[in-house]
Amino acid sequence: MQIQWKYYIIAFLMHIVCSNVSAKIRPDTLMLNRIYKYAETIDTTEINHSYTYSYQLSLIDVEKRNFTLLAVPSMYVIAHGGDRKYISETYDQVSFHDFRKFESRRMVTLTTIPHHRKTLPILMKYLTPLIYNETIIEDHLLSPFNKHNHIFYRYKVSFYLNGTARITFRPRCNNTQLVRGYALVDYSTGRIIDTQIEGEYDMINFILHITMGKDGVKSLLPIKCNLTSQFKFIGNKINIKYYAYYDLPKILNDTIYNVENIELMKQVRPDTISDVEQQIYNKHYTKKAEKTDTTRSYVTDSKLTKIMWDIIGEHLVNRIKSNFGANNQGYIKINPLINPLYMGYSHRRGLTYKLDVRGSYDFSHNSDLWVRIKAGYSFTQHQLYYTIPLMLYFDKRRNRYLQMEFGNGNRITNSTVADKIDNIDTVKWDKSRLYFFKDTNFKIINNFDISNKFGFQIGFIYHKRTAVDMNAFDLANRPPIYRSFAPIVEIEYRPKGWGGPIFTVDYERSIKNVAKTNTAYERWEMDGQYLKHLTRLQSISMRLGAGFYTWKGKDSFFLDYANFRENNIPGGWNDDWSGEFELLDSKWYNESEYYARANLTYETPLLVTGWIPQIGHFIEMERVYISALSVKNLTPYIECGYGFTNRLFSIGIFVSTKNGNFNSFGCKFGFELFRHW
């Protein structure tokens, strides 16, 4: 009996302890935990391969504008002319492949925007928010309803008698990646009934009111969104309102495709439009009717205006994107030809102007053709760099493609061949020009993936290196042109598939006397890269690599690696996630018969600068860089840096050491304005 009483006493004491622990969990904390866990209780597969319908209405009010609005992507069509207010309506069929992947097919549309152009398409992303994810809109705006972002927000919970709770949230620091607002939540489940989110990102001030679905997977998606936003830029002020309705019933026949019809739009509207909205339509159609009845001279003037403003002007200062083909299976996209925002700066190349042209054509769901022209002009080096890759995917499911690439590489340096010429005393040489060679190259490779873990490439590469000072080489009776032709073999290993690290081994051996080649060599390279995504938009990218020449011919002066080279056409913040050597002199890429490298980059939205009052509001992402290199006569070379990006520009500050001693200090700068647009 005594033993039994001991058990009763122990059980009673444990009950008291557990009750005290439970009592310490505050009701507001329990409410937040229900919200954090709600999405995990929903089966999202039920929406796969389903169809629904949506309706959107937008109002644009150009309150203030000046000539700088012409340079803003998608704003060119409303930057001139007499109209200041525009209205657009669309009715779409939405097909879900899965919870996060869906496609919209336009059925009915109406708009008063000239030429039916899209204006501020960036705002469309705000109409499909995923509030339970870590980020609300794609890869920005950290959600207060995700447990990983709890440390960034302060919460206040009020409980109502009807079984709901009101949660007010505000950020702990004033940063553009954070939002404020409130949410009405079902107390028993943690389901968000509706919420209002306010914030400012990429020069868009917004208030987004979201009404969520009620049951199942639809409770994770909005059924109604009201967006009030404002865009300000150098004296321009544009007010935009969006009204979006989702999960609408089927009204029209699905065979209708991209029809501009007033009567059909009246049938699908979930609500009537206001008198102000109707007046915008009336003004637009009245003006359209007047133009139809105008005199011949007016039509001629209108055509001239169209040529000057809509063809020449828009193509010079605005981004061009056009679809082609019977089913719009092809597209071409050209960055503005005249736009100072597409310039960059680095300490070596100085000011660089960039041009980017991309195109694609889909032959089927499993095959397509992709081409890109990427060019940049360095005003300091007086050099035009370009590369033109072309990829033909003949089996996309297995990642099988044929790639051709043509470019001028970099102005490669080589001291060995220059020293041989300089030893000839009969001529006085300009050594500053003897070291440099123009490098034109052409490469063809065929890629085959055996599985998600293994793939290999086979092809060839051709180099033509021409001396900048050809006259000096002629006087010294040395060849001014050096050519090489080499087959390429690469083996790729992905131990965790595409979501993990990638290891490659490259082998290249030249063949002499092919197309006038006079360079012989054999080269091996090993490379490993891994981009690890963490919570709260954090990521760590790592790279390890090594390369060496196992054989060189007598007159083979050039050392040119595939994975260790200078990026002469930097593309901004997201150009090379694995890191580069920003301060390394270009000659070191071609001076050693071996190299070993290591790069580490840590990226996060709120590291140091993002917490600074006033300034920190505009900081979107921050990075810390650490890189190390070993080559002949340069061991070790260590480079450290810090960088951040905001809506206007990205900047990185770097310091390097050479053989244990301080080497140099420099920076890298690039315009980032409208990069998401």
# chains A, B, ... in the order shown; residues from 1 in each chain; ligands from 1
>>> select_by_dssp(residues="segment 61-306 of chain A", states="strand (DSSP E)", output="PyMOL selection string")
chain A and resi 61-64+85-96+102-111+135-137+140-142+153-159+164-171+180-186+192-201+204-212+222-233+236-248
>>> residues_around(residues="Thr176 of chain A", least_positions_apart="5", cutoff="6 Å", atoms="only C-alpha atoms", output="NGL selection string")
:A and (200-201 or 617-618)
>>> closest_residue(among="A:Asn659, A:Gln279, A:Met212, A:Thr645", to="Phe671 of chain A", atoms="only C-alpha atoms")
A:Thr645
>>> select_by_dssp(residues="segment 121-281 of chain A", states="helix (DSSP H, G or I)", output="PyMOL selection string")
chain A and resi 121-127+147-152+216-220+262-268+275-281
>>> residues_around(residues="Arg166 of chain A", least_positions_apart="2", cutoff="6 Å", atoms="only C-alpha atoms", output="VMD selection string")
chain A and resid 157 to 158 183 to 184
>>> residues_around(residues="Thr272 of chain A", least_positions_apart="6", cutoff="12 Å", atoms="only C-alpha atoms", output="ChimeraX atom specification")
/A:57,243,265-266,278
>>> residues_around(residues="Asn663 of chain A", least_positions_apart="6", cutoff="12 Å", atoms="only C-alpha atoms", output="MDAnalysis selection string")
chainID A and resid 583:585 634 636:640 654:657
